[in-house]
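Undergrad: Input entry37.csv, format and content: CSV, C-alpha atoms and all ligand atoms.
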chain,number,residue,atom,x,y,z
L,1,MET,CA,21.5,-6.6,-10.6
L,2,ALA,CA,21.5,-6.0,-6.9
L,3,THR,CA,24.3,-3.8,-5.5
L,4,GLN,CA,25.6,-3.3,-2.0
L,5,THR,CA,23.9,0.0,-1.5
L,6,LYS,CA,20.7,-0.1,0.5
L,7,PRO,CA,17.5,1.1,-1.3
L,8,ILE,CA,16.1,4.4,-0.1
L,9,LEU,CA,12.3,4.6,0.3
L,10,TYR,CA,10.7,8.1,0.2
L,11,GLY,CA,7.5,7.6,2.0
L,12,TYR,CA,5.0,8.7,4.6
L,13,PHE,CA,4.0,6.6,7.6
L,14,ARG,CA,0.3,6.7,6.8
L,15,SER,CA,0.5,6.4,3.0
L,16,SER,CA,-1.1,3.1,2.0
L,17,CYS,CA,1.0,3.0,-1.2
L,18,SER,CA,4.2,3.4,0.9
L,19,TRP,CA,3.0,0.7,3.2
L,20,ARG,CA,2.7,-1.7,0.3
L,21,VAL,CA,6.3,-1.3,-0.5
L,22,ARG,CA,7.4,-1.5,3.1
L,23,ILE,CA,5.5,-4.9,3.4
L,24,ALA,CA,7.3,-6.1,0.2
L,25,PHE,CA,10.7,-5.1,1.6
L,26,ALA,CA,9.9,-6.8,4.9
L,27,LEU,CA,8.6,-10.0,3.2
L,28,LYS,CA,11.8,-10.2,1.1
L,29,GLY,CA,14.1,-9.4,4.1
L,30,ILE,CA,15.5,-6.3,2.4
L,31,GLU,CA,17.1,-3.6,4.5
L,32,TYR,CA,16.4,-0.1,3.4
L,33,ASP,CA,16.7,3.5,4.5
L,34,GLN,CA,13.7,5.8,4.8
L,35,VAL,CA,13.4,9.4,3.8
L,36,PRO,CA,10.1,10.8,5.2
L,37,VAL,CA,8.0,13.0,3.0
L,38,ASN,CA,5.3,14.6,5.1
L,39,LEU,CA,2.3,14.9,2.9
L,40,ILE,CA,0.5,17.4,5.2
L,41,GLN,CA,3.2,19.6,6.8
L,42,ASP,CA,4.0,23.0,5.1
L,43,GLY,CA,1.3,22.3,2.5
L,44,GLY,CA,2.8,18.9,1.7
L,45,GLN,CA,6.5,18.2,1.2
L,46,GLN,CA,5.6,16.2,-2.0
L,47,HIS,CA,5.1,19.5,-3.7
L,48,THR,CA,8.7,20.8,-3.1
L,49,LYS,CA,11.0,21.2,-6.0
L,50,GLN,CA,13.4,18.8,-4.3
L,51,PHE,CA,10.9,16.0,-4.2
L,52,GLU,CA,9.5,16.8,-7.6
L,53,SER,CA,13.0,15.9,-9.0
L,54,VAL,CA,12.6,12.5,-7.3
L,55,ASN,CA,9.0,11.9,-8.4
L,56,PRO,CA,7.4,14.4,-10.8
L,57,MET,CA,4.0,12.9,-9.9
L,58,LYS,CA,4.5,14.5,-6.4
L,59,GLN,CA,3.4,11.3,-4.7
L,60,VAL,CA,5.0,8.7,-2.4
L,61,PRO,CA,6.4,6.1,-2.6
L,62,ALA,CA,9.5,6.6,-4.6
L,63,VAL,CA,12.4,4.3,-4.3
L,64,LYS,CA,16.1,4.6,-5.2
L,65,ILE,CA,17.4,1.2,-5.9
L,66,ASP,CA,20.2,-0.3,-7.9
L,67,GLY,CA,21.1,3.1,-9.5
L,68,ILE,CA,17.5,3.9,-10.7
L,69,THR,CA,14.6,5.8,-9.2
L,70,LEU,CA,11.2,4.1,-9.4
L,71,CYS,CA,7.8,5.5,-8.5
L,72,GLN,CA,4.5,3.5,-8.6
L,73,SER,CA,4.3,1.0,-5.8
L,74,LEU,CA,3.4,-1.9,-7.9
L,75,ALA,CA,6.3,-1.3,-10.3
L,76,VAL,CA,8.6,-1.2,-7.3
L,77,ILE,CA,7.2,-4.4,-5.8
L,78,GLN,CA,7.5,-6.2,-9.2
L,79,TYR,CA,11.1,-5.0,-9.6
L,80,ILE,CA,12.2,-6.3,-6.2
L,81,ASP,CA,10.3,-9.5,-6.8
L,82,GLU,CA,12.2,-10.0,-10.1
L,83,THR,CA,15.6,-9.1,-8.6
L,84,ARG,CA,15.6,-10.4,-5.0
L,85,PRO,CA,15.2,-13.8,-3.4
L,86,GLY,CA,12.6,-14.6,-0.9
L,87,PRO,CA,8.9,-15.4,-1.3
L,88,ARG,CA,7.6,-14.9,-4.8
L,89,LEU,CA,5.1,-12.0,-4.7
L,90,LEU,CA,4.0,-12.8,-8.3
L,91,PRO,CA,3.3,-16.5,-8.7
L,92,ALA,CA,4.8,-18.5,-11.6
L,93,ASP,CA,1.5,-19.9,-12.8
L,94,PRO,CA,-0.1,-17.5,-15.3
L,95,LYS,CA,-3.6,-17.9,-14.0
L,96,THR,CA,-2.8,-17.2,-10.3
L,97,ARG,CA,-0.4,-14.4,-11.4
L,98,ALA,CA,-3.2,-12.8,-13.3
L,99,GLN,CA,-5.5,-13.1,-10.3
L,100,VAL,CA,-2.8,-11.4,-8.1
L,101,ARG,CA,-2.5,-8.6,-10.7
L,102,MET,CA,-6.3,-8.3,-10.9
L,103,ILE,CA,-6.7,-7.8,-7.2
L,104,SER,CA,-3.7,-5.5,-6.9
L,105,ASP,CA,-5.0,-3.3,-9.8
L,106,LEU,CA,-8.5,-3.3,-8.5
L,107,ILE,CA,-7.2,-1.7,-5.3
L,108,ALA,CA,-4.3,0.4,-6.7
L,109,SER,CA,-6.2,1.7,-9.8
L,110,GLY,CA,-9.9,1.3,-8.8
L,111,ILE,CA,-10.1,2.3,-5.1
L,112,GLN,CA,-7.0,4.2,-3.8
L,113,PRO,CA,-6.8,6.9,-6.4
L,114,VAL,CA,-10.4,8.2,-5.7
L,115,GLN,CA,-9.7,8.5,-2.0
L,116,ASN,CA,-6.2,9.9,-2.4
L,117,LEU,CA,-5.2,13.0,-0.4
L,118,SER,CA,-5.2,15.4,-3.4
L,119,VAL,CA,-8.7,14.3,-4.3
L,120,LEU,CA,-10.0,14.6,-0.8
L,121,GLN,CA,-8.5,18.0,-0.4
L,122,LYS,CA,-10.7,19.1,-3.3
L,123,LYS,CA,-13.8,17.7,-1.5
L,124,GLY,CA,-13.6,19.9,1.6
L,125,SER,CA,-16.2,18.9,4.3
L,126,GLU,CA,-17.5,16.1,2.1
L,127,LYS,CA,-14.3,14.2,2.1
L,128,GLU,CA,-15.1,11.5,4.7
L,129,GLN,CA,-18.4,10.7,3.1
L,130,TRP,CA,-16.7,10.6,-0.4
L,131,ALA,CA,-13.9,8.3,0.7
L,132,GLN,CA,-16.3,6.0,2.6
L,133,HIS,CA,-18.6,5.8,-0.5
L,134,PHE,CA,-15.8,4.9,-2.9
L,135,ILE,CA,-14.0,2.4,-0.7
L,136,ASN,CA,-17.3,0.8,0.1
L,137,GLN,CA,-18.1,0.5,-3.6
L,138,GLY,CA,-14.7,-1.0,-4.3
L,139,PHE,CA,-15.0,-3.5,-1.5
L,140,GLN,CA,-18.5,-4.6,-2.8
L,141,ALA,CA,-16.6,-5.8,-5.9
L,142,LEU,CA,-13.5,-7.0,-4.1
L,143,GLU,CA,-15.4,-9.2,-1.6
L,144,PRO,CA,-16.9,-11.7,-4.2
L,145,ILE,CA,-13.7,-11.8,-6.1
L,146,LEU,CA,-11.7,-12.7,-3.0
L,147,LYS,CA,-14.3,-15.2,-2.0
L,148,GLN,CA,-13.4,-17.0,-5.3
L,149,THR,CA,-9.6,-16.6,-5.1
L,150,ALA,CA,-8.6,-16.7,-1.5
L,151,GLY,CA,-7.2,-19.5,0.6
L,152,LYS,CA,-5.2,-18.4,3.6
L,153,TYR,CA,-4.2,-15.3,1.7
L,154,CYS,CA,-5.8,-13.2,-1.2
L,155,VAL,CA,-4.9,-15.8,-3.8
L,156,GLY,CA,-4.6,-19.3,-2.5
L,157,ASP,CA,-2.2,-20.1,0.3
L,158,GLU,CA,0.8,-18.2,-0.9
L,159,ILE,CA,1.5,-14.6,0.1
L,160,SER,CA,1.5,-12.2,-2.9
L,161,MET,CA,1.5,-8.6,-4.1
L,162,ALA,CA,-2.3,-8.7,-3.7
L,163,ASP,CA,-1.8,-9.0,0.1
L,164,THR,CA,0.5,-6.0,0.1
L,165,CYS,CA,-2.3,-4.0,-1.4
L,166,LEU,CA,-5.2,-5.4,0.7
L,167,VAL,CA,-4.0,-4.6,4.2
L,168,PRO,CA,-3.2,-0.9,3.6
L,169,GLN,CA,-6.5,-0.4,1.8
L,170,VAL,CA,-8.4,-1.9,4.8
L,171,TYR,CA,-6.4,0.5,7.1
L,172,ASN,CA,-7.8,3.4,5.0
L,173,ALA,CA,-11.3,1.9,5.1
L,174,GLU,CA,-11.1,1.8,8.9
L,175,ARG,CA,-9.9,5.5,8.9
L,176,PHE,CA,-13.0,6.4,6.9
L,177,LYS,CA,-15.3,4.2,9.0
L,178,VAL,CA,-16.3,1.7,6.3
L,179,ASP,CA,-18.4,-1.0,7.9
L,180,LEU,CA,-16.2,-4.1,7.5
L,181,GLU,CA,-18.8,-6.5,8.8
L,182,GLN,CA,-20.2,-6.4,5.2
L,183,PHE,CA,-17.0,-7.9,3.9
L,184,PRO,CA,-16.2,-11.2,5.8
L,185,THR,CA,-13.5,-12.4,3.5
L,186,ILE,CA,-11.7,-9.0,3.4
L,187,LYS,CA,-11.9,-8.9,7.2
L,188,ARG,CA,-10.6,-12.4,7.7
L,189,LEU,CA,-7.7,-11.9,5.3
L,190,ASN,CA,-6.8,-8.6,6.9
L,191,GLN,CA,-6.8,-10.2,10.4
L,192,THR,CA,-4.6,-13.1,9.2
L,193,LEU,CA,-2.1,-10.9,7.4
L,194,LEU,CA,-1.8,-8.4,10.3
L,195,GLU,CA,-0.5,-11.3,12.4
L,196,MET,CA,2.5,-11.6,10.2
L,197,GLU,CA,5.8,-10.0,11.2
L,198,ALA,CA,6.3,-8.3,7.8
L,199,PHE,CA,2.9,-6.5,8.2
L,200,LYS,CA,3.6,-5.6,11.8
L,201,VAL,CA,7.1,-4.0,11.3
L,202,SER,CA,5.8,-2.1,8.3
L,203,HIS,CA,2.7,-0.8,10.0
L,204,PRO,CA,2.0,3.0,10.0
L,205,SER,CA,2.2,3.0,13.8
L,206,ARG,CA,5.9,1.8,13.8
L,207,GLN,CA,7.7,4.1,11.3
L,208,PRO,CA,10.5,6.6,11.9
L,209,ASP,CA,8.1,9.4,11.0
L,210,THR,CA,5.1,8.2,13.0
L,211,PRO,CA,4.0,11.0,15.3
L,212,PRO,CA,4.7,10.0,19.0
L,213,GLU,CA,1.0,10.0,19.9
L,214,LEU,CA,0.3,7.3,17.2
L,215,LEU,CA,3.3,5.1,18.0
L,216,ALA,CA,2.4,1.5,18.9
L,301,LIG,N1,-0.2,4.8,-8.1
L,301,LIG,C1,0.7,5.3,-7.2
L,301,LIG,C2,-0.1,6.2,-6.2
L,301,LIG,C3,0.7,6.9,-5.2
L,301,LIG,C4,-0.1,7.8,-4.3
L,301,LIG,O1,-1.3,8.1,-4.6
L,301,LIG,N2,0.4,8.2,-3.2
L,301,LIG,C5,-0.3,9.0,-2.2
L,301,LIG,C6,-0.1,8.5,-0.8
L,301,LIG,S1,-0.7,6.8,-0.7
L,301,LIG,C7,0.3,10.4,-2.3
L,301,LIG,O2,1.5,10.6,-2.3
L,301,LIG,N3,-0.6,11.4,-2.2
L,301,LIG,C8,-0.1,12.8,-2.2
L,301,LIG,C9,-1.2,13.7,-2.6
L,301,LIG,O3,-2.3,13.3,-2.9
L,301,LIG,O4,-0.9,14.9,-2.6
L,301,LIG,C10,1.4,4.2,-6.4
L,301,LIG,O5,0.9,3.1,-6.4
L,301,LIG,O6,2.5,4.4,-5.9
Would you mind giving the structure from this file in structure tokens?
TA:
Amino acid sequence: MATQTKPILYGYFRSSCSWRVRIAFALKGIEYDQVPVNLIQDGGQQHTKQFESVNPMKQVPAVKIDGITLCQSLAVIQYIDETRPGPRLLPADPKTRAQVRMISDLIASGIQPVQNLSVLQKKGSEKEQWAQHFINQGFQALEPILKQTAGKYCVGDEISMADTCLVPQVYNAERFKVDLEQFPTIKRLNQTLLEMEAFKVSHPSRQPDTPPELLA
């Protein structure tokens, strides 16, 4: 059950997986503290012994909440959905819930891992082309699925975990110069969601560890 202590998010301003959790916290109106883990500086602070004791996967996000430490952004989001009031991020209806999980997993398991920092670091000068290729390939599948499921948001007209995954992935797509004109549904949903306060306050350009030159 919820305690008085604020959750602590170990994250990085530009990490799409951290942004998913920041969106969920904002949608639920949960106050939290942030501990920045700079994925680039000094060879990556995710590799320190200190952080390894928080998340042995050496990835962000990790969250300390209610006396436990959780990693894996979707597990965190589902935990806060199950324990906190506010908009349901996993709908009650089994069919729409399955669609929310399908879209979230498509992004979180099918797209983001192949363009993760540790993968791109192995690709050297090929990294931009590699990331662009796999995000593009993932979006080719995501677009027709979203065309079927979307209303105002990814699944119907209720905000959900799928939306917390979509916007950060589009942010990565833009970084790697994926042509979003090919994906009108993804583009429309992204624009709609970015208008929402929860997506604005959690944006990479507005975090405590955002470098001054990138602050919005
Ligand atoms: N499945 C994990 C993935 C976490 C992940 O890949 N995090 C990235 C940032 S978005 C990371 O920490 N990368 C560090 C690295 O590749 O060294 C989740 O959803 O939380």
Undergrad: CA of Asn55 in chain L to atom C5 of ligand LIG 301 (chain L): how many Å, to one decimal?
TA: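 Separating CA of Asn55 in chain L from atom C5 of ligand LIG 301 (chain L) is a distance of 11.5 Å.
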Undergrad: Which residue out of L:Lys6, L:Lys64, L:Lys58, L:Lys200 has the minimum interatomic distance to ligand LIG 301 (chain L) when only C-alpha atoms and all ligand atoms are used?
TA: L:Lys58
Undergrad: Under the rule of at most 10 Å, produce a per-residue listing of chain L near ligand LIG 301 (chain L): chain, number, name, the closest pair of atoms, and the distance in Å, as JSON lines, using only C-alpha atoms and all ligand atoms.
TA:
{"residue": "L:Tyr10", "atom": "CA", "partner": "L:LIG301", "partner_atom": "O2", "distance": 9.9}
{"residue": "L:Gly11", "atom": "CA", "partner": "L:LIG301", "partner_atom": "O2", "distance": 8.0}
{"residue": "L:Tyr12", "atom": "CA", "partner": "L:LIG301", "partner_atom": "C6", "distance": 7.4}
{"residue": "L:Phe13", "atom": "CA", "partner": "L:LIG301", "partner_atom": "C6", "distance": 9.5}
{"residue": "L:Arg14", "atom": "CA", "partner": "L:LIG301", "partner_atom": "S1", "distance": 7.6}
{"residue": "L:Ser15", "atom": "CA", "partner": "L:LIG301", "partner_atom": "S1", "distance": 3.9}
{"residue": "L:Ser16", "atom": "CA", "partner": "L:LIG301", "partner_atom": "S1", "distance": 4.6}
{"residue": "L:Cys17", "atom": "CA", "partner": "L:LIG301", "partner_atom": "S1", "distance": 4.2}
{"residue": "L:Ser18", "atom": "CA", "partner": "L:LIG301", "partner_atom": "S1", "distance": 6.2}
{"residue": "L:Trp19", "atom": "CA", "partner": "L:LIG301", "partner_atom": "S1", "distance": 8.1}
{"residue": "L:Arg20", "atom": "CA", "partner": "L:LIG301", "partner_atom": "O5", "distance": 8.4}
{"residue": "L:Val21", "atom": "CA", "partner": "L:LIG301", "partner_atom": "O6", "distance": 8.7}
{"residue": "L:Val37", "atom": "CA", "partner": "L:LIG301", "partner_atom": "O2", "distance": 8.7}
{"residue": "L:Asn38", "atom": "CA", "partner": "L:LIG301", "partner_atom": "O2", "distance": 9.2}
{"residue": "L:Leu39", "atom": "CA", "partner": "L:LIG301", "partner_atom": "C8", "distance": 6.0}
{"residue": "L:Ile40", "atom": "CA", "partner": "L:LIG301", "partner_atom": "O4", "distance": 8.3}
{"residue": "L:Gly43", "atom": "CA", "partner": "L:LIG301", "partner_atom": "O4", "distance": 9.3}
{"residue": "L:Gly44", "atom": "CA", "partner": "L:LIG301", "partner_atom": "O4", "distance": 6.9}
{"residue": "L:Gln45", "atom": "CA", "partner": "L:LIG301", "partner_atom": "O4", "distance": 8.9}
{"residue": "L:Gln46", "atom": "CA", "partner": "L:LIG301", "partner_atom": "C8", "distance": 6.6}
{"residue": "L:His47", "atom": "CA", "partner": "L:LIG301", "partner_atom": "O4", "distance": 7.6}
{"residue": "L:Asn55", "atom": "CA", "partner": "L:LIG301", "partner_atom": "O2", "distance": 9.8}
{"residue": "L:Met57", "atom": "CA", "partner": "L:LIG301", "partner_atom": "C3", "distance": 8.3}
{"residue": "L:Lys58", "atom": "CA", "partner": "L:LIG301", "partner_atom": "O2", "distance": 6.4}
{"residue": "L:Gln59", "atom": "CA", "partner": "L:LIG301", "partner_atom": "O2", "distance": 3.1}
{"residue": "L:Val60", "atom": "CA", "partner": "L:LIG301", "partner_atom": "O2", "distance": 4.0}
{"residue": "L:Pro61", "atom": "CA", "partner": "L:LIG301", "partner_atom": "O6", "distance": 5.4}
{"residue": "L:Ala62", "atom": "CA", "partner": "L:LIG301", "partner_atom": "O6", "distance": 7.5}
{"residue": "L:Leu70", "atom": "CA", "partner": "L:LIG301", "partner_atom": "O6", "distance": 9.4}
{"residue": "L:Cys71", "atom": "CA", "partner": "L:LIG301", "partner_atom": "O6", "distance": 6.0}
{"residue": "L:Gln72", "atom": "CA", "partner": "L:LIG301", "partner_atom": "O6", "distance": 3.5}
{"residue": "L:Ser73", "atom": "CA", "partner": "L:LIG301", "partner_atom": "O6", "distance": 3.8}
{"residue": "L:Leu74", "atom": "CA", "partner": "L:LIG301", "partner_atom": "O5", "distance": 5.8}
{"residue": "L:Ala75", "atom": "CA", "partner": "L:LIG301", "partner_atom": "O5", "distance": 8.0}
{"residue": "L:Val76", "atom": "CA", "partner": "L:LIG301", "partner_atom": "O6", "distance": 8.4}
{"residue": "L:Ile77", "atom": "CA", "partner": "L:LIG301", "partner_atom": "O5", "distance": 9.8}
{"residue": "L:Ser104", "atom": "CA", "partner": "L:LIG301", "partner_atom": "O5", "distance": 9.8}
{"residue": "L:Asp105", "atom": "CA", "partner": "L:LIG301", "partner_atom": "O5", "distance": 9.3}
{"residue": "L:Ile107", "atom": "CA", "partner": "L:LIG301", "partner_atom": "O5", "distance": 9.5}
{"residue": "L:Ala108", "atom": "CA", "partner": "L:LIG301", "partner_atom": "O5", "distance": 5.9}
{"residue": "L:Ser109", "atom": "CA", "partner": "L:LIG301", "partner_atom": "N1", "distance": 7.0}
{"residue": "L:Gln112", "atom": "CA", "partner": "L:LIG301", "partner_atom": "O1", "distance": 7.0}
{"residue": "L:Pro113", "atom": "CA", "partner": "L:LIG301", "partner_atom": "O1", "distance": 5.9}
{"residue": "L:Val114", "atom": "CA", "partner": "L:LIG301", "partner_atom": "O1", "distance": 9.2}
{"residue": "L:Gln115", "atom": "CA", "partner": "L:LIG301", "partner_atom": "O1", "distance": 8.8}
{"residue": "L:Asn116", "atom": "CA", "partner": "L:LIG301", "partner_atom": "O3", "distance": 5.2}
{"residue": "L:Leu117", "atom": "CA", "partner": "L:LIG301", "partner_atom": "O3", "distance": 3.8}
{"residue": "L:Ser118", "atom": "CA", "partner": "L:LIG301", "partner_atom": "O3", "distance": 3.6}
{"residue": "L:Val119", "atom": "CA", "partner": "L:LIG301", "partner_atom": "O3", "distance": 6.6}
{"residue": "L:Leu120", "atom": "CA", "partner": "L:LIG301", "partner_atom": "O3", "distance": 8.1}
{"residue": "L:Gln121", "atom": "CA", "partner": "L:LIG301", "partner_atom": "O3", "distance": 8.2}
{"residue": "L:Cys165", "atom": "CA", "partner": "L:LIG301", "partner_atom": "O5", "distance": 9.3}
{"residue": "L:Pro168", "atom": "CA", "partner": "L:LIG301", "partner_atom": "S1", "distance": 9.2}
{"residue": "L:Gln169", "atom": "CA", "partner": "L:LIG301", "partner_atom": "S1", "distance": 9.6}
{"residue": "L:Asn172", "atom": "CA", "partner": "L:LIG301", "partner_atom": "S1", "distance": 9.7}
Undergrad: I need the residue nearest Gln140 in chain L from this list: L:Thr210, L:Thr5, L:Gln50, L:Thr185. Use only C-alpha atoms for the distance.
TA: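 Using only C-alpha atoms, the shortest distance to Gln140 in chain L belongs to L:Thr185.
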Undergrad: With a distance cut-off of 8 Å and all atoms listed in the file, select the neighbouring residues of Lys28 in chain L, excluding the residue or stretch itself and same-chain residues fewer than 3 positions from it, and output the selection as a list in words.
TA: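 Contacts, with the query itself left out: Ala24, Phe25, Arg84, Pro85, Gly86 and Pro87 of chain L.
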Undergrad: Smallest atom-to-atom distance to Met161 in chain L: which of L:Ile30, L:Ile80, L:Val35, L:Val63, using only C-alpha atoms?
TA: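 Selected residue with least distance to Met161 in chain L: L:Ile80.
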Undergrad: Name the closest residue to Gly151 in chain L among the candidates L:Met196, L:Arg175, L:Arg188, L:Asp209; distances are taken between atoms, counting all atoms listed in the file.
TA: L:Arg188
Undergrad: Between CA of Asp81 in chain L and CA of Tyr32 in chain L, what is the distance in Å, rounded to a tenth?
TA: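 Between CA of Asp81 in chain L and CA of Tyr32 in chain L the gap works out to 15.2 Å.
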Undergrad: Just to confirm, what's the straight-line distance from CA of Ala173 in chain L to CA of Gln137 in chain L in Å (one decimal)?
TA: 11.1 Å
Undergrad: Every residue with an atom at most 10 Å from (-4.0, -8.3, -7.5) (file coordinates; all atoms listed in the file) is what I'm after, so could you write them as a list in words?
TA: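 The answer, in the requested form, is Leu74, Leu90, Thr96, Arg97, Ala98, Gln99, Val100, Arg101, Met102, Ile103, Ser104, Asp105, Leu106, Ile107, Ala108, Leu146, Cys154, Val155, Ser160, Met161, Ala162, Asp163, Thr164, Cys165 and Leu166 of chain L.
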Undergrad: Between L:Thr69, L:Thr192, L:Ser125, L:Ala26, single out the one closest to Asp157 in chain L, counting all atoms listed in the file.
TA: L:Thr192
Undergrad: L:Ile8, L:Val170, L:Leu215, L:Val54: which is nearest Asn136 in chain L, counting all atoms listed in the file?
TA: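 So, comparing all the options, the nearest one is L:Val170.
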